[in-house]
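Asks: Mind looking over this structure? Questions follow.
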Amino acid sequence: MALIEAHQLTRILPGDIPVTLVKNIDAGIEAGEFVAITGPSGSGKSSLLYLLGLLDRPTSGDVLIDGQSISTLNEEQRAHVRLKNLGFVFQFHFLLPEFSAIENVMMPMRRLGERSENEMVLRATNLLETLGLGGHLYKRPRQLSGGQSQRVAIARALANDPKIILADEPTGNLDSAASQLVQGIFRDLAHNQKRAVAVVTHEVDFVSKTDRVIRLVDGCILQNSQN
Amino acid sequence: MNLLLGIAWRHLLDRKRQSFISILGIILGVAFFLGIASLMIGSEKDFIARLVDNSPHITIQDEYRSARQQPLVKIFKEGAVQLKHVKALNEPRGIRNYEIVLKNLRAHDNVRASPTLTQQALVTNGGQDRGITLQGIVPEDAHDVMTIEEHMVDGSIQDLEANRDGIIIGATLAEKLTLSRGNMLTVAATTGDVRNFKIVGIFRTGQAAYDEAQAFIDLKRAQALFNRANRANRIIIKLDNPYDARAFAAETEHSIGYKSVSWQEATEDLMSVLTIRNIIMYTVVSAVLVVAAFGIYNVISTVVTEKQRDIAILKSMGFETGDIKKIFLYQGAILGIGGCLIGVPLGAAMMFGLSQVQMKPPGVSDPIQLPIDWGITQFIIAALFALVAAMLAAYLPARKAAHVQPVEILRGGF
């Protein structure tokens, strides 16, 4: 069963001339599956990701997370689902500059409030060490390289141990070496940690490493096939 | 530390200079509010205390508030009564049967009353003369209804009891006429009668006009001098609670008919001036805090604008709209509370400094200290006003922050 599913998902931006971002999308991602969402610029890749990640509301259709419909949830309930079940990684790391790496990673855990302070510190430290940042725990984002910052952002996305990881061009701002490292991390999250991982990318190399490709054109699925 | 409070704190720390300027506005606003309010309230309380202490709480005067009706008109209220050639009874002016009135007043436990006969007179010494207000008093009652005893610099009211032909004069008058205790003073009444009195006491209230133009003699001697036997033209009353004066004056006037004026009624014009002064004062000092609140609005609004991306990422993590609003409201609260915590002691220091200032206003012979009120109310008002202003200033940007749509920000990237 898919951990996250889109049912006839449509998003139209209202206005004098309504703009269709995505239209009638049916797709699902299972646990342990690593999926690339790709397509030309303006095809609706990021829009689909934001809809799946409950950051945007569909004009019609529904998103199911672990079989539960999201359309009936209010903003607070959607925020809680994001906090507990979803981890986001963006093209830019978007770390909070006033906080150290470990504080950034602990932030979602603090908001969820299910762990003690010691448990949070331990988990954040483990996550950062696993991602090769053991020596950078107390550095501020401005003291980290782009690749290091992106790995901190990945650690933050994993903080509450979400079942679903959504990434929007996570390697788009990295050099080749850092990009390879991050791609490996995502594959590990899917294959070894059995999370559902969806990555928006237009990098051919990255797409080739995923299990399945959803290709969008003009907001519609053109291709949804195994790699 | 609470997570949201921690984020708010870090935001402010990250903008130390802007935050410092904002908090400085609140600090100065609170301090000036306290300094000015304490001075205004202090001077008002001092003024009222002087009024209440130094003046009678109620003065019964030998006149009627409205013209008295003829008995015939009273009997035939609905009748068409016309009286012609009414000839007023020619009798000495004053309160009739004042002793009975006094007896009735003194029947109340909380009332102290004493009759006086006050009239203008001329005092002469060494070729110099001065017009004065001569007050005939009952020396035995003086300590109950007057404060003049507290201001005696030579002699005492009791000396007037011992020597019924004595007179007590003000220090300024004594200086101007080169008089001292034990000297004789010639007093001429408006009736033309002239009598000599021995100076048995000298007072100094600090009010130059009063010290120059007021003198006290025994009531009986005043009645003889002014040719008004068994008359008093005022009954002065002190109450245990001065704020009962208005009601008791109305009750007394209703009962005896003579005009009874409470200290509140006598000073109504001054009180309304004080009220207007207070409104102006609170408006001005509040304006300082309002300007300070604009500073807070500015800094939080800037933070909200700069932190759109962080707000979006916090929302994407799972922070709720209310959480985001709280972060920025906390910033307002931190600036407001911080401003109060420093502003209140600074204001207290300013109040202490003002209380040490000595000055000699016109018409006052002795230097006085600025009257400062140390009441808790103004501290509470200043702190509350600063906090409310800070929170209101934070509310608008906080609301704006709460409504940030993460998708719109995240699409834009950097």
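In the structure tokens, chains take letters A, B, ... by order of appearance, with residues numbered from 1 within each chain and ligands from 1 in the order shown.
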Please list as a list in words every residue within 6 Å of range 82-97 of chain B, counting only C-alpha atoms and excluding residues in the same chain fewer than 3 positions away.
Replies: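 Final neighbour list, sorted by chain and number: Asp62, Ile100, Arg228, Arg231, Ala232 and Asn233 of chain B.
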Asks: Would you put the residues from that selection into a file with N, CA, C and O atoms, as a PDB file, in the first residue's frame?
Replies:
```pdb
ATOM      1  N   ASP B  62     -23.013  83.318  56.390  1.00  0.00           N
ATOM      2  CA  ASP B  62     -24.226  84.030  56.844  1.00  0.00           C
ATOM      3  C   ASP B  62     -25.011  84.570  55.644  1.00  0.00           C
ATOM      4  O   ASP B  62     -25.323  85.752  55.574  1.00  0.00           O
ATOM      5  N   ILE B 100     -26.757  77.673  68.831  1.00  0.00           N
ATOM      6  CA  ILE B 100     -27.640  76.498  68.727  1.00  0.00           C
ATOM      7  C   ILE B 100     -27.216  75.642  67.533  1.00  0.00           C
ATOM      8  O   ILE B 100     -27.167  74.409  67.609  1.00  0.00           O
ATOM      9  N   ARG B 228     -20.926  93.720  66.452  1.00  0.00           N
ATOM     10  CA  ARG B 228     -21.854  92.659  66.040  1.00  0.00           C
ATOM     11  C   ARG B 228     -21.950  91.637  67.184  1.00  0.00           C
ATOM     12  O   ARG B 228     -21.483  90.498  67.075  1.00  0.00           O
ATOM     13  N   ARG B 231     -22.794  87.578  67.314  1.00  0.00           N
ATOM     14  CA  ARG B 231     -22.906  87.150  65.915  1.00  0.00           C
ATOM     15  C   ARG B 231     -21.592  86.484  65.478  1.00  0.00           C
ATOM     16  O   ARG B 231     -20.511  86.874  65.935  1.00  0.00           O
ATOM     17  N   ALA B 232     -21.762  85.519  64.605  1.00  0.00           N
ATOM     18  CA  ALA B 232     -20.610  84.940  63.886  1.00  0.00           C
ATOM     19  C   ALA B 232     -21.017  84.913  62.420  1.00  0.00           C
ATOM     20  O   ALA B 232     -22.189  84.669  62.119  1.00  0.00           O
ATOM     21  N   ASN B 233     -20.110  85.240  61.533  1.00  0.00           N
ATOM     22  CA  ASN B 233     -20.521  85.205  60.124  1.00  0.00           C
ATOM     23  C   ASN B 233     -20.054  83.944  59.399  1.00  0.00           C
ATOM     24  O   ASN B 233     -20.314  83.757  58.224  1.00  0.00           O
TER      25      ASN B 233
END
```
Asks: Identify, on the basis of only C-alpha atoms, every residue whose closest approach to range 34-36 of chain A does not exceed 10 Å; exclude the query and any residue fewer than 4 positions from it along the same chain; express the result as JSON, numbers by chain.
Replies: {"A": [28, 29, 30, 45, 165, 166, 167, 186, 187, 188, 189, 190, 191, 194, 195, 196, 197, 198, 199, 200, 201, 202, 203, 206, 207, 208, 209, 210, 211, 212, 213, 214, 215, 224, 225, 226, 227]}
Asks: Dump as a Markdown table the rows for residues of chain A within 6 Å of chain B: closest atom pair and distance in Å with one decimal, only C-alpha atoms counted, ordered by chain and rising residue number.
Replies:
```
| residue | atom | partner | partner_atom | distance |
| --- | --- | --- | --- | --- |
| A:Glu76 | CA | B:Glu320 | CA | 5.8 |
| A:Ala79 | CA | B:Gly318 | CA | 4.4 |
| A:His80 | CA | B:Gly318 | CA | 5.8 |
| A:Arg82 | CA | B:Gly318 | CA | 5.0 |
| A:Leu83 | CA | B:Gly318 | CA | 4.1 |
```
Asks: Write out as a short mmCIF file (atom, residue, chain, number, x, y, z; two decimals) with all heavy atoms, in the first residue's frame each polymer residue whose atoms come within 9 Å of Leu158 in chain A, counting only C-alpha atoms; drop sequence neighbours fewer than 3 positions from it.
Replies:
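result-v7.cif, freshly written:
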```
data_model
loop_
_atom_site.label_atom_id
_atom_site.label_comp_id
_atom_site.auth_asym_id
_atom_site.auth_seq_id
_atom_site.Cartn_x
_atom_site.Cartn_y
_atom_site.Cartn_z
N LEU A 86 5.98 14.00 7.62
CA LEU A 86 6.64 14.49 6.41
C LEU A 86 7.95 15.19 6.73
O LEU A 86 8.04 15.91 7.72
CB LEU A 86 5.73 15.48 5.68
CG LEU A 86 4.40 14.92 5.13
CD1 LEU A 86 3.47 16.06 4.77
CD2 LEU A 86 4.67 14.07 3.92
N GLY A 87 8.93 14.95 5.85
CA GLY A 87 10.19 15.68 5.97
C GLY A 87 10.48 16.36 4.65
O GLY A 87 10.37 15.73 3.59
N PHE A 88 10.78 17.66 4.72
CA PHE A 88 11.03 18.42 3.49
C PHE A 88 12.50 18.77 3.35
O PHE A 88 13.15 19.14 4.32
CB PHE A 88 10.26 19.75 3.53
CG PHE A 88 8.80 19.62 3.20
CD1 PHE A 88 7.86 19.53 4.21
CD2 PHE A 88 8.38 19.60 1.89
CE1 PHE A 88 6.52 19.41 3.92
CE2 PHE A 88 7.04 19.48 1.59
CZ PHE A 88 6.10 19.39 2.61
N VAL A 105 18.35 21.07 13.73
CA VAL A 105 17.85 19.68 13.63
C VAL A 105 16.86 19.39 14.77
O VAL A 105 15.88 18.68 14.59
CB VAL A 105 19.03 18.69 13.65
CG1 VAL A 105 18.53 17.25 13.65
CG2 VAL A 105 19.94 18.92 12.45
N LEU A 127 22.01 11.89 14.02
CA LEU A 127 21.65 12.19 12.62
C LEU A 127 22.77 12.95 11.93
O LEU A 127 23.16 12.61 10.81
CB LEU A 127 20.35 13.02 12.57
CG LEU A 127 19.05 12.26 12.78
CD1 LEU A 127 17.89 13.23 12.99
CD2 LEU A 127 18.75 11.36 11.58
N ALA A 153 20.05 20.17 6.53
CA ALA A 153 18.62 20.28 6.19
C ALA A 153 18.00 18.89 6.08
O ALA A 153 16.85 18.68 6.49
CB ALA A 153 18.45 21.05 4.88
N ILE A 154 18.78 17.92 5.56
CA ILE A 154 18.26 16.54 5.47
C ILE A 154 18.08 15.97 6.87
O ILE A 154 17.06 15.34 7.18
CB ILE A 154 19.23 15.67 4.62
CG1 ILE A 154 19.22 16.14 3.16
CG2 ILE A 154 18.82 14.19 4.70
CD1 ILE A 154 20.31 15.53 2.29
N ALA A 155 19.08 16.23 7.72
CA ALA A 155 18.98 15.75 9.11
C ALA A 155 17.74 16.36 9.78
O ALA A 155 17.02 15.68 10.53
CB ALA A 155 20.23 16.14 9.89
N ASP A 161 11.62 11.47 12.50
CA ASP A 161 11.54 10.14 11.92
C ASP A 161 10.31 9.98 11.01
O ASP A 161 9.50 9.05 11.19
CB ASP A 161 11.49 9.10 13.06
CG ASP A 161 11.87 7.72 12.57
OD1 ASP A 161 12.45 7.62 11.48
OD2 ASP A 161 11.57 6.74 13.28
N PRO A 162 10.15 10.88 10.03
CA PRO A 162 8.96 10.81 9.17
C PRO A 162 9.03 9.63 8.21
O PRO A 162 10.11 9.19 7.84
CB PRO A 162 9.00 12.15 8.42
CG PRO A 162 10.44 12.47 8.34
CD PRO A 162 11.07 11.95 9.60
N LYS A 163 7.83 9.16 7.81
CA LYS A 163 7.80 8.02 6.89
C LYS A 163 8.00 8.50 5.45
O LYS A 163 8.31 7.72 4.58
CB LYS A 163 6.44 7.34 6.99
CG LYS A 163 6.12 6.77 8.35
CD LYS A 163 4.66 6.34 8.36
CE LYS A 163 4.21 6.02 9.78
NZ LYS A 163 2.76 5.92 9.84
N ILE A 165 9.65 11.41 2.78
CA ILE A 165 10.60 12.50 2.56
C ILE A 165 10.30 13.10 1.18
O ILE A 165 10.22 12.38 0.19
CB ILE A 165 12.06 11.99 2.58
CG1 ILE A 165 12.39 11.33 3.92
CG2 ILE A 165 13.03 13.12 2.27
CD1 ILE A 165 12.43 12.28 5.10
#
```
Asks: Mind listing the strand (DSSP E or B) residues of range 9-42 of chain A, per DSSP on the backbone, as a list in words?
Replies: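 Matching residues for strand (DSSP E or B) in range 9-42 of chain A are Leu9, Thr10, Arg11, Ile12, Leu13, Val19, Thr20, Leu21, Val22, Lys23, Asn24, Ile25, Asp26, Ala27, Gly28, Ile29, Glu30, Phe34, Val35, Ala36, Ile37 and Thr38 of chain A.
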Asks: Excluding Met40 in chain B and residues on its chain fewer than 4 positions from it, collect all residues at most 10 Å away from it, counting only C-alpha atoms, and give them as a compact mmCIF listing (two decimals) with N, CA and C atoms, in the first residue's frame.
Replies:
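Ended up saving to out.txt:
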```txt
# COMPACT_ATOMS: atom_id res chain seq x y z
N LEU B 34 6.63 58.07 34.25
CA LEU B 34 6.65 58.04 35.72
C LEU B 34 7.05 59.39 36.30
N GLY B 35 8.11 59.96 35.71
CA GLY B 35 8.61 61.25 36.22
C GLY B 35 7.52 62.31 36.18
N ILE B 36 6.88 62.43 35.02
CA ILE B 36 5.88 63.49 34.87
C ILE B 36 4.62 63.17 35.66
N GLU B 44 -0.91 67.55 42.61
CA GLU B 44 -2.36 67.57 42.82
C GLU B 44 -2.71 67.13 44.24
N LYS B 45 -2.07 66.05 44.67
CA LYS B 45 -2.34 65.55 46.03
C LYS B 45 -1.91 66.58 47.08
N ASP B 46 -0.74 67.20 46.81
CA ASP B 46 -0.24 68.21 47.73
C ASP B 46 -1.22 69.39 47.82
N LEU B 274 -7.47 71.09 37.26
CA LEU B 274 -6.57 69.96 37.53
C LEU B 274 -6.90 68.77 36.63
N ARG B 277 -5.64 69.51 33.27
CA ARG B 277 -4.18 69.40 33.31
C ARG B 277 -3.76 67.92 33.25
N ASN B 278 -4.50 67.07 33.99
CA ASN B 278 -4.18 65.64 33.99
C ASN B 278 -4.38 65.01 32.62
N MET B 281 -1.55 66.06 30.53
CA MET B 281 -0.33 65.38 30.96
C MET B 281 -0.30 63.93 30.46
N TYR B 282 -1.43 63.20 30.68
CA TYR B 282 -1.45 61.79 30.27
C TYR B 282 -1.37 61.66 28.74
N LEU B 370 9.86 69.73 45.29
CA LEU B 370 8.83 69.32 44.33
C LEU B 370 8.03 68.17 44.95
N PRO B 371 6.70 68.27 44.93
CA PRO B 371 5.90 67.18 45.52
C PRO B 371 5.83 65.99 44.56
N ILE B 372 6.38 64.88 44.96
CA ILE B 372 6.40 63.68 44.12
C ILE B 372 5.51 62.63 44.76
N ASP B 373 4.66 62.02 43.96
CA ASP B 373 3.79 60.96 44.48
C ASP B 373 4.44 59.61 44.18
```
Asks: Report the closest atom pair, with its distance in Å rounded to one decimal, for each residue of range 51-145 of chain B that has an atom no farther than 6 Å from range 178-200 of chain B; count only C-alpha atoms, sort by chain and then rising residue number, and write it as JSON lines.
Replies:
```
{"residue": "B:Ala121", "atom": "CA", "partner": "B:Ala189", "partner_atom": "CA", "distance": 4.8}
{"residue": "B:Leu122", "atom": "CA", "partner": "B:Ala188", "partner_atom": "CA", "distance": 5.0}
{"residue": "B:Val123", "atom": "CA", "partner": "B:Val187", "partner_atom": "CA", "distance": 4.5}
{"residue": "B:Thr124", "atom": "CA", "partner": "B:Thr186", "partner_atom": "CA", "distance": 5.3}
```
